[in-house]
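Single-structure report; data block below.
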Amino acid sequence: MYTLRTFWTSGPKLARGVLSPGVPAALRGTPAQPVRLLATSVQQESFLNGSSSNYVEEMYSAWLEDPKSVHKSWDVFFRNAQRGAAPGEAYQSPPQVPVMVPIQPMAWPMVPVPAPVAAAAPSEQVSGKVIDDHLAVQAIIRSYQIRGHQCGKLDPLGIMEADLDSSTPRELTLPYYRFSEGDLDRTFVLPQTTFIGGGTASLPLREIIKRLEETYCQTIGLEYMHINDRSKCDWIRQKFEIPGIMSMENEKKRLTLARLVRSTRFEQFLATKYPAEKRFGLEGCEVLIPALKTIIDRCTEQGVESFVLGMPHRGRLNVLANVVRKDLDQILCQFDSSLEADDEGSGDVKYHLGCSHMRLNRTTNKSIKLALVANPSHLEAADPVVQGKTRAEQYYRGDIEGKKVMSILMHGDAAFAGQGVVFETFHLSDLPAYTTHGTIHVVVNNQIGFTTDPRFSRSSNYCTDAAKVVEAPIFHVNADDPEAVAHVCNVAADWRSEFEKDVVIDLVCYRRGGHNEMDEPMFTQPLMYKQITKQPTVLKQYAEKLIAEGVVTKDEYEEEVAKYDKICEEAYQQAKEEKILSIKHWLDSPWTDFFKDKTRDSMMVCEPTGVSEDILTHVGTAMGSPPPDPKFTIHGGVKRILRQRATMVKERWVDWAMAEAMAFGSLMQSGFHVRLSGQDVERGTFSQRHHVLHDQNRDKVFWTALDNLWPDQAPYTVCNSSLSEYAVMGFELGYSMSNPNALVLWEAQFGDFANTAQCIIDQFISSGQAKWVRQTGITLLLPHGYEGMGPEHSSARLERFLQMSTEDPDHFPEIDERFEIRQLFDHNWMVCNCTTPANYFHLLRRQVLLPFRKPLVVMTPKSLLRHPEARSSFDDMLPATTFQRLIPDTGPAGQNTESVQRLIFCTGKVYYDLTKERKARDLEDKIAIVRIEQISPFPFDMVKQQCDMYANADLVWAQEEHKNMGAWNYVQPRIRTTVNRERHVRYCGRHGAAASAAGNKFKHTIEQNKFVNQATDLAWKEPVWVGPSE
């Protein structure tokens, strides 16, 4: 029997409503008294209270459009209110008319009269109480829609409320609406904000409550009323409120049982065979496997052909085995620690591995691709990577609505609530350049985070509350009810297909073991785990249910179990015969065509990076020309920039921004897609780029010259991102993983802002190939340079990237004609700090023209963007030219090496400071200044050549960074190795410090002048470090 609950005194307070300012005074509170939301006029009209104000306002809006669309009593009321009737006098009883029983629900707004059980007497009139009671029923229905989930039976263990609140909301209590038991058999007309009636226009209050309870307070808890779109809310209501809509066909029940058998028996098999191994099993949420397969089935029916999945370690092996359908023997091989990998890299633990696999979906008989992205232990770190990979696949398929490719993200409850990257990733979901047209999020809600109780790990009611920022519907479901889970999964798939928006499924479950198989959970959660030990598996519960219903027999169930056990045992025996591991079999983004027919030797050649002058001129002319639309109004400052660009082309020279545009344009002319993303990249942080021009008089009218260079060019995407580094860098990394034939760049607003994305850099970019044999050509542009802008706008933390480089500083490598490219091939990434626009041009082109892919980290300039000496001629970019890893001194010092007394090695902007001081001292023939443009991999061969040339010179490394930062600790041992430790290398720069730069411009200038003077003072023989203490 279903009844409204007993009043609970500790429930949340009533949130009162206020009608909009445009509503007549008789319908509103007094504006002069904002604290008292229920003013005199509302108090006089008894039905205008906080719980009905929204309804009355909707009625009033309908009346304004068509007075005949509402009942006569409302028409009279609104007319009186419009005429300024005094409070309490607007309502009048309608004329005496026979009351007729409606055949169908009447058009919204709802008629404020009940549907009579028997014919009413001709003299019967509609009273204010009847109207008030109908409004109360309306409020009851709305309260269930808003708060019914708080009373749901969501916890399989029955010991904790999923929202951490055991109280019953007052809005779900009978006395709150001044109803008594005697009112339960009264019949009320249903409003069109609910579908619980099916085809019935009116129901007794008792039945209304019963159906609301069945919809909102059982094993499914719905949160959707935060969505500010009634059509979407109505869509969800229809999926859950219509009587019988959640029933499941017997064939579907048998399929769900079979999937539960595989999910459960897989974990039990691993527990038996490898009892001492960590595997982060799925026990307690075995329903995840049928849930995912249900989503994939439904989405495949809707036309999806490719799925990109991301998840943490819990349940990963089960998903690989039973969703992706990775060969079982390959999975079991990962448990054999004696097997060695037959390919490159150091590998990773088995529960971090990804995979890409084509298989047949037997439910739809369609071939689908599933890619499970590899993930480190940093929970949720793969979320933006998955989204970027998904977006890229959609882009290359021309899938502009996300109908062919989609993403599914799995989360843990504690991580979903606690990790900020979840929030950042959600905020990308509706941005034009980042949307994947809807992601289905599945939260494996263990109701615990490692050892931490959720009551102490989150401030929100639910772990999923972050999803509300994008108005994603949230479906909480008891994971021990497989049929409810299946229904929710189907609705989620339909939502994504219909609205192209994110949706969240919260699988409220438990974790049968500890954090891992070696962990003891009773230390910290004794009561929970006492209950868990008594809890039968969901497979056992569901099998008994279907056997009792006659859907399957006990013999059929046992036969299904035996069949899968046999499959596991055969795979186990086959795995024992394996002699080696192949990490490449676990690639989540295989580039089969890119590496086809390539050998290590064939990849030791790079295409030329120079281009013809015709291409340079064509791109430069386009960048210096106004948009073709004569109505396009250009900003005066931009006009000046365009004229400067035209002058560059005429005089055959480029600055930094023009060199970058020519690199992009020439690559697109060759068919390489270019994507540049980050904060303010369209204009550029320093107003240097201006790749997107804005019409000064018309909104959303743009011109992008680089996307309109040639009719058959590859596309150019330049997009300002949200104010996020972690998620956006991860997104671009994922984007770069999809197609090797593209230049994908992420630019930081200032270089040191990249430190908020350190997880992506450490766990994916620098080490991804070693762990997962995954190559990527992602390029990071990090503005770097000490110019007195303070500690947060000076350093891109060059030292951190160099520290993660794999090169051995104490070993001088073998030098041959292929040394340069072989070194790149063997290294984990490239770290560069260019000093000329032409070298930057070649570096960007080389990134795509290499026969393999490596991440590239570039310390990009700030002041050099407009430095009069930081220019390059067209001649430096023509076909005979290439990227220079080291730029020698070509001045007087380079022409007379024997007379040189000092050889200064440096990198980046400081070169121009040093040359200026050297010239001022008239020492251009005594001091040689050599620029190391590619710091990592270190150009051993070229540095040795320079040291040999200047055999009589003392060696100095000069840098603008502090001694414990910058490149010093990286280059010093390598230079020493290069000279066989026979010559000393002295340091000249700032003293070690905690902050990356001085906060005072005057102090910065003093430090800069001191070390520049020291470096160019030939009398200086001992190390001198300049810092704040001096």
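Ligands are numbered from 1 in the order shown, residues from 1 within each chain, and chains are lettered A, B, ... in the order they appear in the structure tokens.
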
Which residues are near Gln525 (chain A)? Cut-off 12 Å, only C-alpha atoms, ignore same chain within fewer than 4 positions. Put them as an mmCIF file with N, CA and C atoms, in the first residue's frame.
```cif
data_model
loop_
_atom_site.group_PDB
_atom_site.id
_atom_site.type_symbol
_atom_site.label_atom_id
_atom_site.label_comp_id
_atom_site.auth_asym_id
_atom_site.auth_seq_id
_atom_site.Cartn_x
_atom_site.Cartn_y
_atom_site.Cartn_z
ATOM 1 N N GLN A 447 30.036 3.692 -2.800
ATOM 2 C CA GLN A 447 29.674 4.325 -1.535
ATOM 3 C C GLN A 447 30.848 4.365 -0.556
ATOM 4 N N ILE A 448 32.039 4.435 -1.144
ATOM 5 C CA ILE A 448 33.260 4.527 -0.333
ATOM 6 C C ILE A 448 34.402 4.929 -1.263
ATOM 7 N N GLY A 449 35.350 5.673 -0.747
ATOM 8 C CA GLY A 449 36.540 6.032 -1.511
ATOM 9 C C GLY A 449 37.773 5.496 -0.811
ATOM 10 N N PHE A 450 38.326 4.388 -1.303
ATOM 11 C CA PHE A 450 39.435 3.686 -0.658
ATOM 12 C C PHE A 450 38.995 3.310 0.763
ATOM 13 N N THR A 451 39.324 4.115 1.750
ATOM 14 C CA THR A 451 38.854 3.820 3.111
ATOM 15 C C THR A 451 37.957 4.930 3.650
ATOM 16 N N THR A 452 37.646 5.944 2.828
ATOM 17 C CA THR A 452 36.946 7.127 3.321
ATOM 18 C C THR A 452 35.447 7.031 3.101
ATOM 19 N N ASP A 453 34.717 7.220 4.176
ATOM 20 C CA ASP A 453 33.265 7.257 4.152
ATOM 21 C C ASP A 453 32.807 8.478 3.343
ATOM 22 N N PRO A 454 31.798 8.327 2.474
ATOM 23 C CA PRO A 454 31.352 9.481 1.674
ATOM 24 C C PRO A 454 30.868 10.652 2.512
ATOM 25 N N TYR A 510 28.231 -1.523 -4.209
ATOM 26 C CA TYR A 510 29.149 -1.661 -3.082
ATOM 27 C C TYR A 510 30.411 -2.353 -3.589
ATOM 28 N N ARG A 511 31.410 -2.381 -2.780
ATOM 29 C CA ARG A 511 32.683 -3.010 -3.128
ATOM 30 C C ARG A 511 32.863 -4.215 -2.219
ATOM 31 N N ARG A 512 32.765 -5.397 -2.787
ATOM 32 C CA ARG A 512 32.764 -6.600 -1.952
ATOM 33 C C ARG A 512 34.085 -6.808 -1.227
ATOM 34 N N GLY A 513 35.182 -6.447 -1.838
ATOM 35 C CA GLY A 513 36.475 -6.555 -1.180
ATOM 36 C C GLY A 513 36.977 -5.197 -0.738
ATOM 37 N N GLY A 514 38.273 -5.122 -0.453
ATOM 38 C CA GLY A 514 38.865 -3.850 -0.096
ATOM 39 C C GLY A 514 39.203 -3.049 -1.340
ATOM 40 N N HIS A 515 40.008 -2.015 -1.150
ATOM 41 C CA HIS A 515 40.417 -1.186 -2.285
ATOM 42 C C HIS A 515 41.066 -2.044 -3.362
ATOM 43 N N GLU A 520 42.326 -4.901 3.569
ATOM 44 C CA GLU A 520 41.349 -5.330 4.577
ATOM 45 C C GLU A 520 40.391 -4.175 4.894
ATOM 46 N N PRO A 521 39.173 -4.221 4.396
ATOM 47 C CA PRO A 521 38.246 -3.108 4.597
ATOM 48 C C PRO A 521 37.624 -3.048 5.988
ATOM 49 N N TYR A 529 30.912 -3.807 6.005
ATOM 50 C CA TYR A 529 31.413 -5.086 5.501
ATOM 51 C C TYR A 529 30.807 -6.284 6.226
ATOM 52 N N LYS A 530 30.261 -6.081 7.375
ATOM 53 C CA LYS A 530 29.460 -7.148 7.987
ATOM 54 C C LYS A 530 28.224 -7.413 7.144
ATOM 55 N N GLN A 531 27.630 -6.324 6.644
ATOM 56 C CA GLN A 531 26.462 -6.482 5.792
ATOM 57 C C GLN A 531 26.846 -7.067 4.434
ATOM 58 N N ILE A 532 27.988 -6.644 3.912
ATOM 59 C CA ILE A 532 28.413 -7.138 2.604
ATOM 60 C C ILE A 532 28.652 -8.640 2.630
#
```

Find the spatial neighbours of Met877 (chain A), counting only C-alpha atoms, within a cut-off of 7 Å - ignore same-chain residues fewer than 2 positions away - and output them as a count of residues only. 7

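Of the listed residues A:Asn446, A:Ser899, A:Asn980, A:Thr599, the one whose atoms come nearest to Met160 (chain A) is A:Asn446, with distances taken using only C-alpha atoms.
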
What does the distance from CA of Leu309 (chain A) to CA of Gly354 (chain A) come to in Å, to one decimal? 9.3 Å

Report as a ChimeraX atom specification all protein, DNA and RNA residues lying within 10 Å of region 548-553 of chain A, evaluated on only C-alpha atoms, omitting residues in the same chain fewer than 6 positions from it. /A:249-251,253-254,257,542,559

Residue selection dump (N, CA and C atoms) as a JSON list (two decimals), in the first residue's frame:
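Contents of the output file selection23.json:
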```json
[["chain", "number", "residue", "atom", "x", "y", "z"],
["A", 249, "GLU", "N", 11.02, -7.46, -21.71],
["A", 249, "GLU", "CA", 10.68, -8.71, -22.37],
["A", 249, "GLU", "C", 11.52, -9.85, -21.82],
["A", 250, "ASN", "N", 10.96, -11.07, -21.86],
["A", 250, "ASN", "CA", 11.67, -12.23, -21.33],
["A", 250, "ASN", "C", 13.00, -12.47, -22.03],
["A", 251, "GLU", "N", 13.04, -12.22, -23.34],
["A", 251, "GLU", "CA", 14.28, -12.43, -24.07],
["A", 251, "GLU", "C", 15.38, -11.49, -23.57],
["A", 253, "LYS", "N", 15.50, -10.27, -20.57],
["A", 253, "LYS", "CA", 15.87, -10.73, -19.23],
["A", 253, "LYS", "C", 16.90, -11.86, -19.31],
["A", 254, "ARG", "N", 16.69, -12.76, -20.24],
["A", 254, "ARG", "CA", 17.64, -13.87, -20.39],
["A", 254, "ARG", "C", 19.01, -13.35, -20.84],
["A", 257, "LEU", "N", 20.73, -11.81, -17.88],
["A", 257, "LEU", "CA", 21.25, -12.86, -17.00],
["A", 257, "LEU", "C", 22.54, -13.45, -17.55],
["A", 542, "TYR", "N", 19.26, -12.35, -9.11],
["A", 542, "TYR", "CA", 18.51, -12.24, -10.36],
["A", 542, "TYR", "C", 18.19, -13.61, -10.94],
["A", 559, "GLU", "N", 23.72, -24.31, -17.02],
["A", 559, "GLU", "CA", 24.39, -24.57, -18.30],
["A", 559, "GLU", "C", 25.13, -23.33, -18.79]]
```

What's around Val491 (chain A) at 12 Å? Count only C-alpha atoms, leave out sequence neighbours fewer than 6 positions away in its own chain, and write the answer as a PyMOL selection string. chain A and resi 222+235-240+245-246+291+294-295+298-299+440+473-475+484-485+497-499+503-505

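For the pair CA of Leu157 (chain A) and CA of Pro169 (chain A), the separation is 22.1 Å.
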